Amino acid sequence: QSRRPAGSWGVSWRCAQPLVESAQPVVAFHGAEQWHPQRVAQAAKVSTFVQGLRALDPAANAVVLGDLNDFQFSDVLNVLKTGSGLVNLVDSLPEAERYTYVFDGNAQSLDHLLVSPALAAQANPALDIVHINAEFNPQVSDHDPAVGALALVPACLVDADDDVDRHDIALITAARNQAATGPMDPRDPDRNGTINVLDARQCTLRCSRAQCAVQ
């Protein structure tokens, strides 16, 4: 278990009766009462791990994703988000699109992609659930794939020409003592919030060619 990825828990639950019938609420079985506290505890551990990353670096880039086997509004997902600041991209979709699995005719989202606040604010995150499996037969999988996109700007790459050279260093030097625009500002590689001569020196060491030559 020590080798499992962060953000993954394998305990599942099922229903003892159809979701749509007169007897409500639905009765769960397959160890639901026994395993639910464990699932909540696992979510809390992942949340604590992300909180630790953000304590070291408030602008840390963190992603928790996969088949979490629970709904976006469940207490397990709420525990995962509490304190960590994680943002679930499933919530950004239209309600009719928020499903990756169909059980007894009930469309539900069990697969999730959560990002840290820095990524949510700076990386223009987007999620698309491609409905090619859950409601069809035959299936490649019983889950629909979820495709996430993040726009990440490499540190020191200021002029967006795919290499670090004198032009980038000049732009960083010209902005010295200014506040960075955010944790993804390529002019602030040490991510301390201020563009200064140390950033220019650090980016000089990252130049794509000798002597930061311009191609």
# chains A, B, ... in the order shown; residues from 1 in each chain; ligands from 1
>>> residues_around(residues="Asp70 in chain A", least_positions_apart="4", cutoff="8 Å", atoms="only C-alpha atoms", output="JSON, numbers by chain")
{"A": [74, 76, 77, 109, 110, 111]}
>>> residues_around(residues="Gln72 in chain A", least_positions_apart="5", cutoff="12 Å", atoms="only C-alpha atoms", output="mmCIF file with all heavy atoms, in the first residue's frame")
data_model
loop_
_atom_site.group_PDB
_atom_site.id
_atom_site.type_symbol
_atom_site.label_atom_id
_atom_site.label_comp_id
_atom_site.auth_asym_id
_atom_site.auth_seq_id
_atom_site.Cartn_x
_atom_site.Cartn_y
_atom_site.Cartn_z
ATOM 1 N N ASP A 67 -10.266 7.371 -10.892
ATOM 2 C CA ASP A 67 -11.550 6.790 -10.506
ATOM 3 C C ASP A 67 -11.613 6.786 -8.984
ATOM 4 O O ASP A 67 -11.136 5.870 -8.330
ATOM 5 C CB ASP A 67 -11.663 5.374 -11.079
ATOM 6 C CG ASP A 67 -12.946 4.671 -10.643
ATOM 7 O OD1 ASP A 67 -13.787 5.312 -9.977
ATOM 8 O OD2 ASP A 67 -13.106 3.484 -10.967
ATOM 9 N N LEU A 77 -15.546 13.373 -1.291
ATOM 10 C CA LEU A 77 -14.942 14.423 -2.125
ATOM 11 C C LEU A 77 -14.868 15.739 -1.364
ATOM 12 O O LEU A 77 -13.900 16.505 -1.530
ATOM 13 C CB LEU A 77 -15.738 14.596 -3.417
ATOM 14 C CG LEU A 77 -15.273 13.794 -4.640
ATOM 15 C CD1 LEU A 77 -13.928 14.301 -5.138
ATOM 16 C CD2 LEU A 77 -15.194 12.309 -4.353
ATOM 17 N N ASN A 78 -15.852 16.016 -0.522
ATOM 18 C CA ASN A 78 -15.799 17.255 0.268
ATOM 19 C C ASN A 78 -14.629 17.233 1.241
ATOM 20 O O ASN A 78 -13.959 18.252 1.443
ATOM 21 C CB ASN A 78 -17.117 17.461 1.021
ATOM 22 C CG ASN A 78 -18.250 17.874 0.103
ATOM 23 O OD1 ASN A 78 -18.021 18.466 -0.949
ATOM 24 N ND2 ASN A 78 -19.474 17.552 0.488
ATOM 25 N N VAL A 79 -14.374 16.065 1.844
ATOM 26 C CA VAL A 79 -13.218 15.942 2.745
ATOM 27 C C VAL A 79 -11.930 16.153 1.958
ATOM 28 O O VAL A 79 -10.993 16.814 2.431
ATOM 29 C CB VAL A 79 -13.228 14.563 3.433
ATOM 30 C CG1 VAL A 79 -11.885 14.281 4.105
ATOM 31 C CG2 VAL A 79 -14.345 14.487 4.457
ATOM 32 N N LEU A 80 -11.877 15.596 0.755
ATOM 33 C CA LEU A 80 -10.678 15.743 -0.076
ATOM 34 C C LEU A 80 -10.398 17.219 -0.369
ATOM 35 O O LEU A 80 -9.238 17.656 -0.372
ATOM 36 C CB LEU A 80 -10.862 14.975 -1.380
ATOM 37 C CG LEU A 80 -9.715 14.976 -2.376
ATOM 38 C CD1 LEU A 80 -8.455 14.392 -1.750
ATOM 39 C CD2 LEU A 80 -10.101 14.197 -3.621
ATOM 40 N N LYS A 81 -11.442 18.002 -0.596
ATOM 41 C CA LYS A 81 -11.270 19.411 -0.944
ATOM 42 C C LYS A 81 -11.059 20.306 0.277
ATOM 43 O O LYS A 81 -10.422 21.361 0.166
ATOM 44 C CB LYS A 81 -12.494 19.904 -1.725
ATOM 45 C CG LYS A 81 -12.643 19.242 -3.093
ATOM 46 C CD LYS A 81 -13.793 19.837 -3.886
ATOM 47 C CE LYS A 81 -15.137 19.473 -3.303
ATOM 48 N NZ LYS A 81 -16.252 19.960 -4.147
ATOM 49 N N VAL A 87 -9.671 22.064 -6.405
ATOM 50 C CA VAL A 87 -10.852 22.433 -7.190
ATOM 51 C C VAL A 87 -11.187 21.268 -8.115
ATOM 52 O O VAL A 87 -10.336 20.825 -8.893
ATOM 53 C CB VAL A 87 -10.589 23.708 -8.016
ATOM 54 C CG1 VAL A 87 -11.786 24.040 -8.893
ATOM 55 C CG2 VAL A 87 -10.252 24.878 -7.088
ATOM 56 N N ASN A 88 -12.417 20.766 -8.026
ATOM 57 C CA ASN A 88 -12.830 19.639 -8.865
ATOM 58 C C ASN A 88 -13.340 20.164 -10.201
ATOM 59 O O ASN A 88 -14.355 20.866 -10.265
ATOM 60 C CB ASN A 88 -13.927 18.843 -8.157
ATOM 61 C CG ASN A 88 -14.198 17.513 -8.836
ATOM 62 O OD1 ASN A 88 -13.668 17.233 -9.922
ATOM 63 N ND2 ASN A 88 -14.995 16.680 -8.200
ATOM 64 N N LEU A 89 -12.660 19.827 -11.283
ATOM 65 C CA LEU A 89 -13.040 20.326 -12.597
ATOM 66 C C LEU A 89 -14.363 19.748 -13.079
ATOM 67 O O LEU A 89 -14.986 20.302 -13.987
ATOM 68 C CB LEU A 89 -11.937 20.023 -13.611
ATOM 69 C CG LEU A 89 -10.569 20.668 -13.335
ATOM 70 C CD1 LEU A 89 -9.639 20.436 -14.508
ATOM 71 C CD2 LEU A 89 -10.701 22.162 -13.046
ATOM 72 N N VAL A 90 -14.806 18.639 -12.486
ATOM 73 C CA VAL A 90 -16.123 18.109 -12.838
ATOM 74 C C VAL A 90 -17.206 19.153 -12.574
ATOM 75 O O VAL A 90 -18.179 19.267 -13.316
ATOM 76 C CB VAL A 90 -16.410 16.809 -12.053
ATOM 77 C CG1 VAL A 90 -17.874 16.400 -12.179
ATOM 78 C CG2 VAL A 90 -15.520 15.678 -12.560
ATOM 79 N N ASP A 91 -17.015 19.950 -11.514
ATOM 80 C CA ASP A 91 -18.004 20.961 -11.160
ATOM 81 C C ASP A 91 -18.094 22.075 -12.196
ATOM 82 O O ASP A 91 -19.063 22.841 -12.191
ATOM 83 C CB ASP A 91 -17.672 21.568 -9.792
ATOM 84 C CG ASP A 91 -17.778 20.556 -8.664
ATOM 85 O OD1 ASP A 91 -18.590 19.620 -8.790
ATOM 86 O OD2 ASP A 91 -17.049 20.692 -7.663
ATOM 87 N N SER A 92 -17.093 22.188 -13.069
ATOM 88 C CA SER A 92 -17.101 23.241 -14.081
ATOM 89 C C SER A 92 -17.929 22.858 -15.306
ATOM 90 O O SER A 92 -18.210 23.710 -16.158
ATOM 91 C CB SER A 92 -15.669 23.565 -14.525
ATOM 92 O OG SER A 92 -15.099 22.467 -15.243
ATOM 93 N N LEU A 93 -18.336 21.600 -15.397
ATOM 94 C CA LEU A 93 -19.091 21.120 -16.554
ATOM 95 C C LEU A 93 -20.581 21.391 -16.380
ATOM 96 O O LEU A 93 -21.079 21.473 -15.255
ATOM 97 C CB LEU A 93 -18.874 19.620 -16.744
ATOM 98 C CG LEU A 93 -17.447 19.164 -17.051
ATOM 99 C CD1 LEU A 93 -17.392 17.635 -17.069
ATOM 100 C CD2 LEU A 93 -16.966 19.725 -18.369
ATOM 101 N N GLU A 95 -24.359 20.456 -15.868
ATOM 102 C CA GLU A 95 -24.840 19.339 -15.057
ATOM 103 C C GLU A 95 -25.119 18.092 -15.897
ATOM 104 O O GLU A 95 -24.857 16.971 -15.451
ATOM 105 C CB GLU A 95 -26.098 19.757 -14.289
ATOM 106 C CG GLU A 95 -25.822 20.717 -13.145
ATOM 107 C CD GLU A 95 -27.039 20.927 -12.267
ATOM 108 O OE1 GLU A 95 -28.079 20.282 -12.542
ATOM 109 O OE2 GLU A 95 -26.957 21.709 -11.322
ATOM 110 N N ARG A 98 -22.002 15.851 -16.400
ATOM 111 C CA ARG A 98 -21.231 15.396 -15.242
ATOM 112 C C ARG A 98 -21.466 13.909 -14.949
ATOM 113 O O ARG A 98 -22.022 13.528 -13.913
ATOM 114 C CB ARG A 98 -21.589 16.236 -14.015
ATOM 115 C CG ARG A 98 -21.257 17.707 -14.157
ATOM 116 C CD ARG A 98 -21.723 18.494 -12.938
ATOM 117 N NE ARG A 98 -21.645 19.929 -13.163
ATOM 118 C CZ ARG A 98 -22.107 20.848 -12.310
ATOM 119 N NH1 ARG A 98 -22.672 20.466 -11.170
ATOM 120 N NH2 ARG A 98 -22.022 22.122 -12.608
ATOM 121 N N TYR A 99 -21.041 13.065 -15.867
ATOM 122 C CA TYR A 99 -21.127 11.634 -15.600
ATOM 123 C C TYR A 99 -20.047 10.897 -16.392
ATOM 124 O O TYR A 99 -19.681 11.299 -17.493
ATOM 125 C CB TYR A 99 -22.516 11.084 -15.929
ATOM 126 C CG TYR A 99 -22.868 11.053 -17.402
ATOM 127 C CD1 TYR A 99 -22.660 9.898 -18.161
ATOM 128 C CD2 TYR A 99 -23.411 12.165 -18.034
ATOM 129 C CE1 TYR A 99 -22.980 9.863 -19.518
ATOM 130 C CE2 TYR A 99 -23.741 12.130 -19.387
ATOM 131 C CZ TYR A 99 -23.526 10.984 -20.119
ATOM 132 O OH TYR A 99 -23.840 10.949 -21.455
ATOM 133 N N THR A 100 -19.530 9.851 -15.772
ATOM 134 C CA THR A 100 -18.547 8.982 -16.431
ATOM 135 C C THR A 100 -18.961 7.519 -16.369
ATOM 136 O O THR A 100 -18.249 6.653 -16.869
ATOM 137 C CB THR A 100 -17.162 9.114 -15.754
ATOM 138 O OG1 THR A 100 -17.267 8.704 -14.381
ATOM 139 C CG2 THR A 100 -16.647 10.543 -15.820
ATOM 140 N N GLN A 108 -23.755 8.939 -13.418
ATOM 141 C CA GLN A 108 -23.055 9.459 -12.238
ATOM 142 C C GLN A 108 -21.576 9.674 -12.548
ATOM 143 O O GLN A 108 -21.003 9.005 -13.405
ATOM 144 C CB GLN A 108 -23.212 8.491 -11.059
ATOM 145 C CG GLN A 108 -22.890 7.058 -11.419
ATOM 146 C CD GLN A 108 -23.413 6.048 -10.421
ATOM 147 O OE1 GLN A 108 -22.628 5.324 -9.805
ATOM 148 N NE2 GLN A 108 -24.733 5.976 -10.270
ATOM 149 N N SER A 109 -20.986 10.611 -11.843
ATOM 150 C CA SER A 109 -19.572 10.913 -12.023
ATOM 151 C C SER A 109 -18.762 10.251 -10.922
ATOM 152 O O SER A 109 -18.860 10.627 -9.748
ATOM 153 C CB SER A 109 -19.342 12.431 -12.009
ATOM 154 O OG SER A 109 -17.979 12.716 -12.215
ATOM 155 N N LEU A 110 -17.967 9.256 -11.300
ATOM 156 C CA LEU A 110 -17.093 8.565 -10.350
ATOM 157 C C LEU A 110 -15.627 8.913 -10.572
ATOM 158 O O LEU A 110 -14.793 8.676 -9.707
ATOM 159 C CB LEU A 110 -17.271 7.045 -10.473
ATOM 160 C CG LEU A 110 -18.683 6.501 -10.263
ATOM 161 C CD1 LEU A 110 -18.672 4.979 -10.391
ATOM 162 C CD2 LEU A 110 -19.243 6.919 -8.916
ATOM 163 N N ASP A 111 -15.331 9.478 -11.743
ATOM 164 C CA ASP A 111 -13.954 9.825 -12.105
ATOM 165 C C ASP A 111 -13.800 11.338 -12.015
ATOM 166 O O ASP A 111 -14.645 12.085 -12.516
ATOM 167 C CB ASP A 111 -13.658 9.352 -13.525
ATOM 168 C CG ASP A 111 -13.952 7.865 -13.688
ATOM 169 O OD1 ASP A 111 -15.112 7.526 -14.016
ATOM 170 O OD2 ASP A 111 -13.032 7.062 -13.478
ATOM 171 N N HIS A 112 -12.712 11.775 -11.387
ATOM 172 C CA HIS A 112 -12.569 13.200 -11.084
ATOM 173 C C HIS A 112 -11.159 13.689 -11.387
ATOM 174 O O HIS A 112 -10.202 12.905 -11.407
ATOM 175 C CB HIS A 112 -12.904 13.461 -9.612
ATOM 176 C CG HIS A 112 -14.275 13.002 -9.227
ATOM 177 N ND1 HIS A 112 -15.389 13.778 -9.387
ATOM 178 C CD2 HIS A 112 -14.701 11.827 -8.703
ATOM 179 C CE1 HIS A 112 -16.458 13.118 -8.984
ATOM 180 N NE2 HIS A 112 -16.069 11.925 -8.555
ATOM 181 N N LEU A 113 -11.045 14.981 -11.603
ATOM 182 C CA LEU A 113 -9.754 15.638 -11.783
ATOM 183 C C LEU A 113 -9.784 16.916 -10.956
ATOM 184 O O LEU A 113 -10.557 17.824 -11.232
ATOM 185 C CB LEU A 113 -9.501 15.950 -13.257
ATOM 186 C CG LEU A 113 -8.057 16.295 -13.663
ATOM 187 C CD1 LEU A 113 -7.865 16.111 -15.161
ATOM 188 C CD2 LEU A 113 -7.661 17.712 -13.272
ATOM 189 N N LEU A 114 -8.965 16.937 -9.910
ATOM 190 C CA LEU A 114 -8.903 18.081 -9.007
ATOM 191 C C LEU A 114 -7.535 18.737 -9.111
ATOM 192 O O LEU A 114 -6.512 18.042 -9.210
ATOM 193 C CB LEU A 114 -9.165 17.661 -7.553
ATOM 194 C CG LEU A 114 -10.511 16.986 -7.274
ATOM 195 C CD1 LEU A 114 -10.371 15.470 -7.313
ATOM 196 C CD2 LEU A 114 -11.076 17.411 -5.913
#
>>> select_by_dssp(residues="range 67-170 of chain A", states="strand (DSSP E or B)", output="ChimeraX atom specification")
/A:67,87-88,101-103,106-108,111-115,126-129,146-149
>>> closest_residue(among="A:Ala62, A:Val164, A:Leu119, A:Ala151", to="Ala213 in chain A", atoms="only C-alpha atoms")
A:Val164
>>> atom_distance(atom1="CA of Val102 in chain A", atom2="CA of Ala126 in chain A")
22.7 Å
>>> select_by_dssp(residues="range 16-211 of chain A", states="helix (DSSP H, G or I)", output="ChimeraX atom specification")
/A:32-56,75-81,89-92,95-97,117-122,166-174,197-204,210-211
>>> atom_distance(atom1="CA of Ile129 in chain A", atom2="CA of Ser141 in chain A")
13.7 Å
>>> atom_distance(atom1="CA of Asn192 in chain A", atom2="CA of Pro58 in chain A")
10.1 Å
>>> residues_around(residues="Asp199 in chain A", least_positions_apart="5", cutoff="7 Å", atoms="only C-alpha atoms", output="MDAnalysis selection string")
chainID A and resid 187:190
>>> closest_residue(among="A:Arg166, A:Leu150, A:Leu86, A:Asn69", to="Ala210 in chain A", atoms="only C-alpha atoms")
A:Arg166
>>> residues_around(residues="Leu53 in chain A", least_positions_apart="3", cutoff="12 Å", atoms="only C-alpha atoms", output="list in words")
Val46, Ser47, Thr48, Phe49, Val50, Leu56, Asp57, Pro58, Ala59, Ala60, Asn61, Ala62, Val63, Gly83, Ser84, Gly85, Leu86, Ser116, Pro117 and Ala118 of chain A
>>> write_last_selection(atoms="N, CA, C and O atoms", output="CSV table (one decimal), in the first residue's frame")
chain,number,residue,atom,x,y,z
A,46,VAL,N,-5.0,12.2,1.8
A,46,VAL,CA,-4.6,12.9,0.5
A,46,VAL,C,-4.7,14.4,0.7
A,46,VAL,O,-3.9,15.2,0.2
A,47,SER,N,-5.8,14.9,1.3
A,47,SER,CA,-6.0,16.3,1.5
A,47,SER,C,-4.8,16.9,2.4
A,47,SER,O,-4.3,17.9,2.1
A,48,THR,N,-4.5,16.1,3.4
A,48,THR,CA,-3.4,16.6,4.3
A,48,THR,C,-2.0,16.6,3.5
A,48,THR,O,-1.2,17.5,3.7
A,49,PHE,N,-1.8,15.6,2.6
A,49,PHE,CA,-0.6,15.6,1.8
A,49,PHE,C,-0.6,16.9,0.9
A,49,PHE,O,0.5,17.5,0.8
A,50,VAL,N,-1.7,17.2,0.3
A,50,VAL,CA,-1.7,18.4,-0.6
A,50,VAL,C,-1.5,19.7,0.3
A,50,VAL,O,-0.8,20.6,-0.1
A,56,LEU,N,4.6,24.3,2.1
A,56,LEU,CA,6.0,24.5,1.7
A,56,LEU,C,6.0,25.6,0.6
A,56,LEU,O,6.9,26.4,0.5
A,57,ASP,N,5.0,25.5,-0.3
A,57,ASP,CA,4.9,26.4,-1.4
A,57,ASP,C,3.5,26.7,-1.7
A,57,ASP,O,2.8,25.9,-2.3
A,58,PRO,N,2.9,27.9,-1.3
A,58,PRO,CA,1.5,28.2,-1.6
A,58,PRO,C,1.1,28.1,-3.0
A,58,PRO,O,-0.1,27.9,-3.3
A,59,ALA,N,2.1,28.2,-3.9
A,59,ALA,CA,1.8,28.2,-5.4
A,59,ALA,C,2.1,26.8,-6.0
A,59,ALA,O,2.3,26.7,-7.2
A,60,ALA,N,2.2,25.8,-5.1
A,60,ALA,CA,2.5,24.4,-5.6
A,60,ALA,C,1.5,23.9,-6.6
A,60,ALA,O,0.3,24.2,-6.5
A,61,ASN,N,2.0,23.3,-7.6
A,61,ASN,CA,1.1,22.7,-8.6
A,61,ASN,C,0.8,21.2,-8.2
A,61,ASN,O,1.7,20.4,-8.2
A,62,ALA,N,-0.5,20.9,-7.9
A,62,ALA,CA,-0.8,19.6,-7.5
A,62,ALA,C,-2.1,19.2,-8.3
A,62,ALA,O,-3.0,20.0,-8.5
A,63,VAL,N,-2.1,17.9,-8.6
A,63,VAL,CA,-3.3,17.3,-9.3
A,63,VAL,C,-3.6,16.0,-8.7
A,63,VAL,O,-2.8,15.2,-8.4
A,83,GLY,N,-9.6,22.1,3.2
A,83,GLY,CA,-8.3,22.4,3.7
A,83,GLY,C,-7.3,22.4,2.6
A,83,GLY,O,-6.3,23.2,2.6
A,84,SER,N,-7.4,21.5,1.6
A,84,SER,CA,-6.4,21.4,0.6
A,84,SER,C,-6.6,22.5,-0.5
A,84,SER,O,-5.7,22.9,-1.2
A,85,GLY,N,-7.8,23.0,-0.6
A,85,GLY,CA,-8.1,24.0,-1.6
A,85,GLY,C,-8.3,23.4,-3.0
A,85,GLY,O,-8.5,24.2,-4.0
A,86,LEU,N,-8.3,22.1,-3.1
A,86,LEU,CA,-8.4,21.5,-4.4
A,86,LEU,C,-9.7,21.8,-5.1
A,86,LEU,O,-10.8,21.9,-4.4
A,116,SER,N,-4.9,22.1,-7.7
A,116,SER,CA,-4.6,23.0,-6.7
A,116,SER,C,-5.0,24.4,-7.1
A,116,SER,O,-5.2,24.7,-8.2
A,117,PRO,N,-5.1,25.3,-6.1
A,117,PRO,CA,-5.6,26.7,-6.4
A,117,PRO,C,-4.7,27.4,-7.4
A,117,PRO,O,-5.2,28.2,-8.2
A,118,ALA,N,-3.4,27.2,-7.4
A,118,ALA,CA,-2.5,27.9,-8.3
A,118,ALA,C,-2.8,27.5,-9.7
A,118,ALA,O,-2.9,28.3,-10.6
>>> closest_residue(among="A:Ala55, A:Gln202, A:Gly148, A:Val140", to="Asp168 in chain A", atoms="only C-alpha atoms")
A:Gln202
>>> closest_residue(among="A:Asn177, A:Ile195, A:Asp165, A:Ala123", to="Arg209 in chain A", atoms="only C-alpha atoms")
A:Asp165
>>> residues_around(residues="Gln211 in chain A", least_positions_apart="4", cutoff="12 Å", atoms="only C-alpha atoms", output="list in words")
Val164, Asp165, Arg166, Ile169, Cys203, Thr204, Leu205, Arg206, Cys207 and Gln215 of chain A
>>> write_last_selection(atoms="all heavy atoms", output="short mmCIF file (atom, residue, chain, number, x, y, z; two decimals), in the first residue's frame")
data_model
loop_
_atom_site.label_atom_id
_atom_site.label_comp_id
_atom_site.auth_asym_id
_atom_site.auth_seq_id
_atom_site.Cartn_x
_atom_site.Cartn_y
_atom_site.Cartn_z
N VAL A 164 15.06 29.88 -24.27
CA VAL A 164 15.47 30.95 -23.35
C VAL A 164 16.76 31.56 -23.88
O VAL A 164 17.76 30.86 -24.08
CB VAL A 164 15.70 30.39 -21.92
CG1 VAL A 164 16.13 31.50 -20.97
CG2 VAL A 164 14.44 29.70 -21.41
N ASP A 165 16.71 32.88 -24.15
CA ASP A 165 17.89 33.55 -24.71
C ASP A 165 17.97 34.97 -24.15
O ASP A 165 17.30 35.32 -23.18
CB ASP A 165 17.83 33.55 -26.24
CG ASP A 165 16.53 34.13 -26.78
OD1 ASP A 165 15.95 35.02 -26.13
OD2 ASP A 165 16.07 33.70 -27.85
N ARG A 166 18.81 35.79 -24.76
CA ARG A 166 19.03 37.16 -24.27
C ARG A 166 17.76 37.99 -24.25
O ARG A 166 17.60 38.86 -23.40
CB ARG A 166 20.08 37.86 -25.13
CG ARG A 166 21.48 37.28 -25.02
CD ARG A 166 22.44 37.97 -25.97
NE ARG A 166 23.72 37.28 -26.05
CZ ARG A 166 24.64 37.55 -26.97
NH1 ARG A 166 24.42 38.49 -27.87
NH2 ARG A 166 25.77 36.87 -26.99
N ILE A 169 16.06 37.23 -20.98
CA ILE A 169 16.79 37.81 -19.85
C ILE A 169 16.58 39.33 -19.81
O ILE A 169 16.40 39.92 -18.74
CB ILE A 169 18.30 37.49 -19.95
CG1 ILE A 169 18.52 35.97 -20.09
CG2 ILE A 169 19.03 38.04 -18.75
CD1 ILE A 169 17.91 35.14 -18.99
N CYS A 203 17.66 32.47 -14.65
CA CYS A 203 17.25 32.18 -16.02
C CYS A 203 18.46 32.17 -16.97
O CYS A 203 18.45 31.47 -17.98
CB CYS A 203 16.22 33.21 -16.49
SG CYS A 203 14.60 32.96 -15.70
N THR A 204 19.50 32.93 -16.63
CA THR A 204 20.72 32.89 -17.44
C THR A 204 21.31 31.48 -17.44
O THR A 204 21.83 31.01 -18.45
CB THR A 204 21.75 33.89 -16.90
OG1 THR A 204 21.20 35.22 -16.99
CG2 THR A 204 23.04 33.83 -17.69
N LEU A 205 21.18 30.79 -16.31
CA LEU A 205 21.69 29.42 -16.22
C LEU A 205 20.82 28.44 -17.01
O LEU A 205 21.25 27.30 -17.25
CB LEU A 205 21.75 28.99 -14.75
CG LEU A 205 22.70 29.81 -13.85
CD1 LEU A 205 22.57 29.37 -12.40
CD2 LEU A 205 24.14 29.68 -14.34
N ARG A 206 19.64 28.88 -17.39
CA ARG A 206 18.73 28.00 -18.13
C ARG A 206 18.70 28.31 -19.62
O ARG A 206 17.86 27.78 -20.35
CB ARG A 206 17.30 28.14 -17.57
CG ARG A 206 17.16 27.78 -16.10
CD ARG A 206 15.70 27.77 -15.70
NE ARG A 206 15.54 27.53 -14.27
CZ ARG A 206 14.38 27.29 -13.67
NH1 ARG A 206 13.26 27.26 -14.40
NH2 ARG A 206 14.31 27.10 -12.37
N CYS A 207 19.58 29.16 -20.07
CA CYS A 207 19.58 29.53 -21.49
C CYS A 207 19.75 28.30 -22.38
O CYS A 207 20.48 27.36 -22.04
CB CYS A 207 20.69 30.53 -21.77
SG CYS A 207 20.26 32.23 -21.28
N GLN A 215 18.89 32.71 -31.49
CA GLN A 215 18.97 31.92 -32.72
C GLN A 215 18.50 32.70 -33.94
O GLN A 215 17.52 33.40 -33.89
CB GLN A 215 18.11 30.64 -32.58
CG GLN A 215 18.29 29.65 -33.71
CD GLN A 215 17.57 28.35 -33.42
OE1 GLN A 215 16.70 28.30 -32.59
NE2 GLN A 215 17.99 27.30 -34.11
#
